[in-house]
Protein chains: 2
Amino acid sequence: MPTYTAPLKDMDFVLHNLLQIGSSDVPGFADLDSGFTSAVLEEAGKIATDVLTPLNAVGDREGCVLENGVVRTPTGFRAAFDQIRDGGWTSLDCDPDYGGQGLPYVMATAVGEIMVSANMAFNMYQGLTHGAYSAIHAHGTAAQKAMYLPKMVTCEWTGTMNLTEPHCGTDLGLMRTKADPQPDGSYKITGTKIFISAGDHDMAENIIHLVLAKAPGGGEGSKGISLFIVPKVMVGDDGKPGARNLVSVGKIEDKMGIHGNATCVMNYDGATGYLLGDLHKGMRAMFTMMNEARLGVGLQGYAVAEAAYQNAVGYARDRLQGRAITGTENPTGPADPLIVHPDIRRNLMEQKSFVEGARAFTFWAASLIDRSVRLNDTAAEGLVSLLIPVLKGFQTDMGFDMAVQAQQVWGGHGYIEDNGVSQFVRDARIAQIYEGANGVQALDLVGRKLATDGGKHVMAFFDIIKTECKLHDGDPRMASFAEPLKTASKQLQQAGMFFMQNAAKNPNAALAGSYDFMHLMGHVCLGLMWTRMAKAAFVALDGGGSDTTFLNAKITTGRFYMQRHLPACGMHLARIESGAEPVMALAADAF
Amino acid sequence: MPTYTAPLKDMDFVLHNLLQIGSSDVPGFADLDSGFTSAVLEEAGKIATDVLTPLNAVGDREGCVLENGVVRTPTGFRAAFDQIRDGGWTSLDCDPDYGGQGLPYVMATAVGEIMVSANMAFNMYQGLTHGAYSAIHAHGTAAQKAMYLPKMVTCEWTGTMNLTEPHCGTDLGLMRTKADPQPDGSYKITGTKIFISAGDHDMAENIIHLVLAKAPGGGEGSKGISLFIVPKVMVGDDGKPGARNLVSVGKIEDKMGIHGNATCVMNYDGATGYLLGDLHKGMRAMFTMMNEARLGVGLQGYAVAEAAYQNAVGYARDRLQGRAITGTENPTGPADPLIVHPDIRRNLMEQKSFVEGARAFTFWAASLIDRSVRLNDTAAEGLVSLLIPVLKGFQTDMGFDMAVQAQQVWGGHGYIEDNGVSQFVRDARIAQIYEGANGVQALDLVGRKLATDGGKHVMAFFDIIKTECKLHDGDPRMASFAEPLKTASKQLQQAGMFFMQNAAKNPNAALAGSYDFMHLMGHVCLGLMWTRMAKAAFVALDGGGSDTTFLNAKITTGRFYMQRHLPACGMHLARIESGAEPVMALAADAF
């Protein structure tokens with residue numbers, strides 16, 4: 001069975017050497033000294049290793065079961081959820097006014113990575129609740145906040161997000177779920193929602209569904225949509241749960257992965273709902289949480305890959321097969337371990353250099369969200385909104401590919417479910433699909449974000465890279481980072497230029513290259529991260545950093561990324577510059 | 001549920017426009033006129049669509065069950081196997097002396113594609129039997145052939161290949177299964193074999209296991225290995241099955257995919273076996289079938305992708321979501337079909353252009369095997385031996401990636417098992433692993449095949465490309481094929497040169513780039529195929545070919561491959577030229 005150990009040193013390096021959060025001007029960051037963050041992450045690591053990791057395979061094997069209208073979670077999930085709740089792990093970055101600990105989002109992100117690596121399906125119960133918490137926190141009335149938030153902060157009550165319907169996912173304008181206004185100001189919600197993660201379960205006394213539906217008078221398309229709070233169990237004025245609301249589970253989906261999370265068809269049969277935020281502004285309300293929600297999924301991409309990687313390394317060290325071509329390395333054994341073989345090394349280095357780069361990118365983006373929220377920094381907000389579709393789309397694609405590569409190290413044994421490696425692949429797959437399929441992320445990036453505020457944020461991004469490269473001018477140690485970063489960044493700019501020059505006469509020219517642009521930009525982002533991490537490692541070494549093995553490994557791993565991952569940028573540029581013609585030339589009926 | 005229609009026109013185009021098999025000098029090819037091949041493939045298509053496709057999901061859902069030592073196949077498999085058997089589909093390219101039809105291998109390959117697309121797991125029962133048939137045909141005594149082959153040609157008896165043991169797969173020198181010689185000339189086989197596809201089942205009256213084991217006196221490592229025939233049920237001199245042999249199923253593996261095929265742990269407890277071929281030459285005997293076996297797996301890679309592609313196209317045409325950016329295309333509907341969106345087109349074109357290129361490559365390689373066998377053409381044999389690791393490794397990697405892309409078109413619905421799309425991904429995954437994991441294919445290519453016969457075959461390959469490009473000099477219609485092919489071929493040569501210049505002082509330099517080389521060469525091969533197919537389409541159009549829509553689509557699809565897939569070559573070259581350093585720099589304990 002797979003094992004997992006939280007990568008505490010790597011996290012510490014990102015938080016303190018790279019981001020230097022302790023000396024940041026963002027309110028709350030000064031409290032995050034290395035002693036504090038290490039203590040928190042170490043505790044999270046313990047519960048992840050001891051409690052959540054063993055339950056990951058249990059959840060995959062047992063799945064969730066719908067019996068007499070009630071969803072039963074896998075053996076052990078309830079007790080583990082109690083432990084998570086009792087340990088205060090659900091409230092880290094929540095508002096102290098409602099019982100939260102008020103920690104920065106970057107800290108919750110680091111803890112989140114650990115929980116997701118250990119058990120992605122399990123962590124979704126808390127993750128969805130946090131999303132619903134954020135929506136109510138941002139858009140609820142004082143009374144709504146007082147009624148729901150304290151219970152959601154502790155996960156005594158969990159939450160869900162209800163967007164998709166059988167005939168519409170991306171195109172929510174086609175939505176059919178109706179909200180009928182009632183004399184008392186509430187609404188009757190009627191319709192069917194699908195793909196509702198954590199839609200029902202036996203781990204909380206109430207579930208607060210956030211439901212998009214159409215109330216009268218909103219007009220056609222997505223403009224007419226409003227957001228409603230629909231509790232599973234009605235809540236009295238005393239805050240106590242009362243009668244069941246008219247919402248029920250129609251079905252649990254049988255999925256490729258994340259079996260431990262109940263993906264439900266939810267039937268709303270005139271269920272009582274309460275308007276959250278403004279009438280007919282439901283899409284906008286839902287999308288204020290989008291950056292965090294998508295960051296959370298982009299995190300899943302590399303967090304599952306991290307767990308898969310750890311188990312690939314373990315297998316590569318243990319499994320004896322063949323001999324090193326440069327001479328036996330295990331003369332007393334019947335064969336050398338797999339890890340001596342160059343192609344196994346290539347495989348592992350691709351995983352390692354991606355995961356560590358993605359962690360840096362994700363924590364950086366989380367710190368930008370903190371900056372935007374806590375300092376009202378609109379530049380940070382603009383930048384992170386530009387980066388989010390890249391973080392989500394690129395990291396989940398790469399995370400899946402890397403999980404597949406980890407499975408490959410195991411050979412035939414990786415294909416056998418008993419060994420638990422296939423689960424990483426099956427679980428990671430969903431992150432490319434939900435919370436906006438990756439093609440939609442690419443569309444958001446190229447069709448919307450590049451041009452936001454007159455292109456201000458993408459120009460700021462290029463300035464960051466330029467400044468970074470300038471910083472290392474004349475530093476021979478940094479040339480193997482700054483030079484490839486400069487090249488990749490130029491390729492990205494050239495791709496953007498191609499879009500600008502062609503999009504006006506043919507919008508398809510940009511859209512046909514959007515997916516490649518997302519990946520090209522993802523590599524530039526990780527290239528930037530590795531350049532900064534290499535510099536941070538050199539600084540630490542120069543300052544007499546004691547863990548020279550670790551610091552040198554950082555530099556070596558980063559160099560691999562620059563030499564072996566970044567060459568993808570040229571390929572993406574060539575594909576983009578071939579334009580729309582090859583993509584659109586075939587008539588729809590000639591496929 | 002997924003549907004499947006055999007791509008008869010595409011197959012006809014490859015067989016007759018591209019390969020022009022009807023006018024070949026290979027004995028037997030002249031009989032393969034378009035009327036004959038069409039009739040055969042159409043019949044195969046019918047059984048695939050009507051019988052095998054519906055059973056594909058059944059096999060995935062039910063799997064195989066081990067009950068009281070006997071393996072039960074999924075509902076309907078037995079009846080379908082009878083139909084396959086009765087229709088003569090198991091004997092197409094088998095030796096007429098033993099009841100076969102004596103058709104060329106290329107014809108069996110085309111039929112095989114159809115069967116695999118419809119139901120990969122089911123087709124493996126016949127595929128493994130064919131492999132065992134070939135081994136006995138090549139190495140058996142006259143008596144052995146007479147006893148086993150007629151029954152195996154009809155699949156009344158099926159066959160298996162037993163190589164892997166719990167502690168060794170790639171490194172068979174570590175093998176522990178023993179063969180003790182008996183006074184009567186037989187052997188007692190004792191040991192445990194794992195991952196035995198079709199190891200047991202209820203669809204044949206006997207199963208002929210081919211087992212690698214160590215007989216005394218062979219020395220250490222893989223040199224001491226011999227190959228044995230171990231029937232499940234002993235066969236009397238009258239050819240009738242008698243008592244059970246001492247071989248049993250220890251377990252059926254629970255796998256990520258191909259659930260319809262029983263992957264067994266086989267226990268040999270002093271089972272009676274008969275030497276096949278020469279003592280201590282078992283590895284050599286096993287490897288005479290390697291080209292065909294690996295071609296078969298490379299075929300699975302694109303054949304499953306073909307089925308996935310068909311269902312992605314179907315969904316993209318039916319599912320209404322969003323509007324085309326260039327103007328509504330379905331004004332009377334609530335939204336446009338997915339297929340109007342450029343990124344969906346990109347996705348589908350990547351699949352289509354890969355699958356059609358891979359089909360051409362596979363049929364070409366099969367025709368080279370026919371040429372080598374039927375004309376004793378050593379140049380063809382050398383060439384195909386060079387191409388096989390590319391065909392297996394590249395096509396199964398790409399086939400898997402394309403199945404994942406097909407699933408992506410389905411969005412969340414692709415993740416739900418009921419829709420049957422996830423199965424393509426889970427099934428395709430194994431082809432990257434078995435019959436030599438793809439890293440081993442890359443090693444075979446770079447560590448062995450490039451240098452075979454002093455590099456003669458790779459030089460011949462480059463000559464083929466050069467000749468092809470020359471052919472189109474000054475033909476403006478062909479420039480968009482010949483130019484990118486020339487560039488890609490130069491990149492491949494440059495990569496080969498890098499290996500030659502560096503391998504002597506550091507063998508890891510070649511091995512660290514072997515995987516990228518395999519992919520680079522795969523793209524060159526498919527680029528070559530597309531160049532030839534484009535030319536063939538132009539010739540047909542010039543000659544008044546009536547199906548202009550089809551022929552023009554070929555050219556358009558090929559152009560997409562050249563513009564959108566071939567740019568990967570530059571990336572692979574850059575990665576290769578970074579050498580061994582980035583790959584090997586990290587100490588094993590720093591991972």
# chains A, B, ... in the order shown; residues from 1 in each chain; ligands from 1
>>> residues_around(residues="Arg359 in chain A", least_positions_apart="6", cutoff="9 Å", atoms="only C-alpha atoms", output="MDAnalysis selection string")
chainID A and resid 10:11 14 110 113 299 302:303
>>> interface_residues(of="chain A", to="chain B", cutoff="6 Å", atoms="only C-alpha atoms", output="list in words")
Asp171, Asp254, Lys255, Met256, Gln321, Gly322, Pro342, Asp343, Arg345, Arg346, Gly411, Tyr415, Ile416, Glu417, Ile433, Leu511, Ala512, Phe560, Arg564, Pro567, Ala568, Met571, Arg575, Pro582 and Val583 of chain A
>>> residues_around(residues="Phe228 in chain B", least_positions_apart="6", cutoff="7 Å", atoms="only C-alpha atoms", output="list in words")
Leu210, Val211, Leu212, Gly273, Tyr274, Leu275 and Leu276 of chain B
>>> select_by_dssp(residues="range 74-236 of chain B", states="helix (DSSP H, G or I)", output="ChimeraX atom specification")
/B:77-86,96-98,105-118,120-139,142-153,172-174,221-224
>>> write_last_selection(atoms="C-alpha atoms", output="PDB file, in the first residue's frame")
ATOM      1  CA  PHE B  77     -17.985 -13.969 -23.907  1.00  0.00           C
ATOM      2  CA  ARG B  78     -18.374 -17.699 -24.497  1.00  0.00           C
ATOM      3  CA  ALA B  79     -20.997 -17.314 -27.170  1.00  0.00           C
ATOM      4  CA  ALA B  80     -19.034 -14.545 -28.840  1.00  0.00           C
ATOM      5  CA  PHE B  81     -15.871 -16.638 -28.805  1.00  0.00           C
ATOM      6  CA  ASP B  82     -17.773 -19.436 -30.503  1.00  0.00           C
ATOM      7  CA  GLN B  83     -18.879 -16.970 -33.163  1.00  0.00           C
ATOM      8  CA  ILE B  84     -15.317 -15.757 -33.717  1.00  0.00           C
ATOM      9  CA  ARG B  85     -14.122 -19.336 -33.926  1.00  0.00           C
ATOM     10  CA  ASP B  86     -16.905 -20.492 -36.214  1.00  0.00           C
ATOM     11  CA  PRO B  96      -2.730 -24.069 -44.179  1.00  0.00           C
ATOM     12  CA  ASP B  97      -0.876 -27.257 -43.190  1.00  0.00           C
ATOM     13  CA  TYR B  98      -2.563 -26.942 -39.808  1.00  0.00           C
ATOM     14  CA  TYR B 105      -0.017 -10.984 -41.862  1.00  0.00           C
ATOM     15  CA  VAL B 106      -1.014  -7.517 -43.017  1.00  0.00           C
ATOM     16  CA  MET B 107      -4.537  -8.786 -43.567  1.00  0.00           C
ATOM     17  CA  ALA B 108      -4.718 -10.341 -40.119  1.00  0.00           C
ATOM     18  CA  THR B 109      -3.442  -7.046 -38.763  1.00  0.00           C
ATOM     19  CA  ALA B 110      -6.259  -5.080 -40.359  1.00  0.00           C
ATOM     20  CA  VAL B 111      -8.837  -7.503 -38.978  1.00  0.00           C
ATOM     21  CA  GLY B 112      -7.047  -7.386 -35.624  1.00  0.00           C
ATOM     22  CA  GLU B 113      -7.420  -3.623 -35.445  1.00  0.00           C
ATOM     23  CA  ILE B 114     -11.177  -3.944 -35.828  1.00  0.00           C
ATOM     24  CA  MET B 115     -11.458  -6.605 -33.135  1.00  0.00           C
ATOM     25  CA  VAL B 116      -9.245  -4.680 -30.695  1.00  0.00           C
ATOM     26  CA  SER B 117     -11.123  -1.406 -31.222  1.00  0.00           C
ATOM     27  CA  ALA B 118     -14.359  -3.191 -30.448  1.00  0.00           C
ATOM     28  CA  MET B 120      -9.483  -5.221 -26.497  1.00  0.00           C
ATOM     29  CA  ALA B 121      -9.828  -7.525 -23.497  1.00  0.00           C
ATOM     30  CA  PHE B 122     -11.835 -10.087 -25.451  1.00  0.00           C
ATOM     31  CA  ASN B 123      -9.458 -10.094 -28.376  1.00  0.00           C
ATOM     32  CA  MET B 124      -6.538 -10.961 -26.129  1.00  0.00           C
ATOM     33  CA  TYR B 125      -7.747 -14.564 -25.711  1.00  0.00           C
ATOM     34  CA  GLN B 126      -7.226 -15.057 -29.414  1.00  0.00           C
ATOM     35  CA  GLY B 127      -4.125 -12.838 -29.554  1.00  0.00           C
ATOM     36  CA  LEU B 128      -2.247 -14.802 -26.913  1.00  0.00           C
ATOM     37  CA  THR B 129      -3.209 -18.037 -28.616  1.00  0.00           C
ATOM     38  CA  HIS B 130      -1.762 -16.750 -31.857  1.00  0.00           C
ATOM     39  CA  GLY B 131       1.498 -15.921 -30.096  1.00  0.00           C
ATOM     40  CA  ALA B 132       1.747 -19.423 -28.650  1.00  0.00           C
ATOM     41  CA  TYR B 133       0.801 -20.870 -32.036  1.00  0.00           C
ATOM     42  CA  SER B 134       3.661 -18.952 -33.647  1.00  0.00           C
ATOM     43  CA  ALA B 135       6.166 -20.183 -31.088  1.00  0.00           C
ATOM     44  CA  ILE B 136       5.189 -23.813 -31.549  1.00  0.00           C
ATOM     45  CA  HIS B 137       5.078 -23.327 -35.303  1.00  0.00           C
ATOM     46  CA  ALA B 138       8.593 -21.924 -35.317  1.00  0.00           C
ATOM     47  CA  HIS B 139      10.231 -24.199 -32.780  1.00  0.00           C
ATOM     48  CA  ALA B 142       6.681 -32.269 -36.192  1.00  0.00           C
ATOM     49  CA  ALA B 143       4.848 -34.237 -33.524  1.00  0.00           C
ATOM     50  CA  GLN B 144       4.295 -31.165 -31.353  1.00  0.00           C
ATOM     51  CA  LYS B 145       2.989 -29.196 -34.300  1.00  0.00           C
ATOM     52  CA  ALA B 146       0.647 -31.961 -35.293  1.00  0.00           C
ATOM     53  CA  MET B 147      -0.626 -32.312 -31.757  1.00  0.00           C
ATOM     54  CA  TYR B 148      -1.193 -28.665 -30.853  1.00  0.00           C
ATOM     55  CA  LEU B 149      -1.439 -26.437 -33.897  1.00  0.00           C
ATOM     56  CA  PRO B 150      -4.705 -27.548 -35.505  1.00  0.00           C
ATOM     57  CA  LYS B 151      -6.563 -27.015 -32.240  1.00  0.00           C
ATOM     58  CA  MET B 152      -4.856 -23.678 -31.627  1.00  0.00           C
ATOM     59  CA  VAL B 153      -5.546 -22.423 -35.133  1.00  0.00           C
ATOM     60  CA  LEU B 172      14.283 -12.596 -16.603  1.00  0.00           C
ATOM     61  CA  GLY B 173      17.737 -13.775 -15.610  1.00  0.00           C
ATOM     62  CA  LEU B 174      16.451 -13.701 -12.016  1.00  0.00           C
ATOM     63  CA  GLY B 221      21.151 -15.531 -15.803  1.00  0.00           C
ATOM     64  CA  SER B 222      18.936 -15.587 -18.839  1.00  0.00           C
ATOM     65  CA  LYS B 223      21.195 -18.003 -20.692  1.00  0.00           C
ATOM     66  CA  GLY B 224      19.988 -20.942 -18.643  1.00  0.00           C
TER      67      GLY B 224
END
>>> atom_distance(atom1="CA of Gly219 in chain A", atom2="CA of Tyr268 in chain A")
21.9 Å
>>> residues_around(residues="Ser186 in chain B", least_positions_apart="3", cutoff="12 Å", atoms="only C-alpha atoms", output="PyMOL selection string")
chain B and resi 179-183+189+215+228-230+270-276
>>> residues_around(residues="range 231-243 of chain A", least_positions_apart="3", cutoff="7 Å", atoms="only C-alpha atoms", output="PyMOL selection string")
chain A and resi 147+206-209+247
>>> write_last_selection(atoms="N, CA and C atoms", output="compact mmCIF listing (two decimals), in the first residue's frame")
# COMPACT_ATOMS: atom_id res chain seq x y z
N MET A 147 -25.99 32.51 11.23
CA MET A 147 -26.65 31.21 11.30
C MET A 147 -25.76 30.08 10.77
N ASN A 206 -25.70 18.51 9.29
CA ASN A 206 -26.44 19.24 8.27
C ASN A 206 -25.53 19.53 7.09
N ILE A 207 -26.14 19.72 5.93
CA ILE A 207 -25.38 20.06 4.73
C ILE A 207 -26.02 21.30 4.12
N ILE A 208 -25.22 22.31 3.89
CA ILE A 208 -25.71 23.57 3.34
C ILE A 208 -25.40 23.61 1.85
N HIS A 209 -26.44 23.41 1.04
CA HIS A 209 -26.26 23.42 -0.41
C HIS A 209 -26.35 24.84 -0.95
N VAL A 247 -35.07 18.17 -0.39
CA VAL A 247 -33.93 17.87 -1.27
C VAL A 247 -33.49 16.45 -0.98
>>> atom_distance(atom1="CA of Ser91 in chain A", atom2="CA of Lys281 in chain A")
27.9 Å
>>> residues_around(residues="range 477-480 of chain B", least_positions_apart="3", cutoff="9 Å", atoms="only C-alpha atoms", output="list in words")
His472, Asp473, Gly474, Glu483, Pro484, Leu485, Thr531, Ala534, Lys535, Phe538, Arg559, Met562 and Gln563 of chain B
>>> residues_around(residues="Lys178 in chain B", least_positions_apart="3", cutoff="6 Å", atoms="only C-alpha atoms", output="PDB file with N, CA and C atoms, in the first residue's frame")
ATOM      1  N   ILE B 189       7.686 -29.047 -14.091  1.00  0.00           N
ATOM      2  CA  ILE B 189       7.825 -27.596 -13.975  1.00  0.00           C
ATOM      3  C   ILE B 189       7.281 -27.152 -12.622  1.00  0.00           C
ATOM      4  N   THR B 190       8.098 -26.375 -11.891  1.00  0.00           N
ATOM      5  CA  THR B 190       7.686 -25.922 -10.567  1.00  0.00           C
ATOM      6  C   THR B 190       8.020 -24.446 -10.388  1.00  0.00           C
ATOM      7  N   ALA B 213      11.423 -21.553 -18.034  1.00  0.00           N
ATOM      8  CA  ALA B 213      11.896 -22.106 -16.763  1.00  0.00           C
ATOM      9  C   ALA B 213      13.363 -22.491 -16.907  1.00  0.00           C
ATOM     10  N   LYS B 214      13.988 -22.711 -15.770  1.00  0.00           N
ATOM     11  CA  LYS B 214      15.401 -23.052 -15.772  1.00  0.00           C
ATOM     12  C   LYS B 214      15.594 -24.560 -15.623  1.00  0.00           C
TER      13      LYS B 214
END
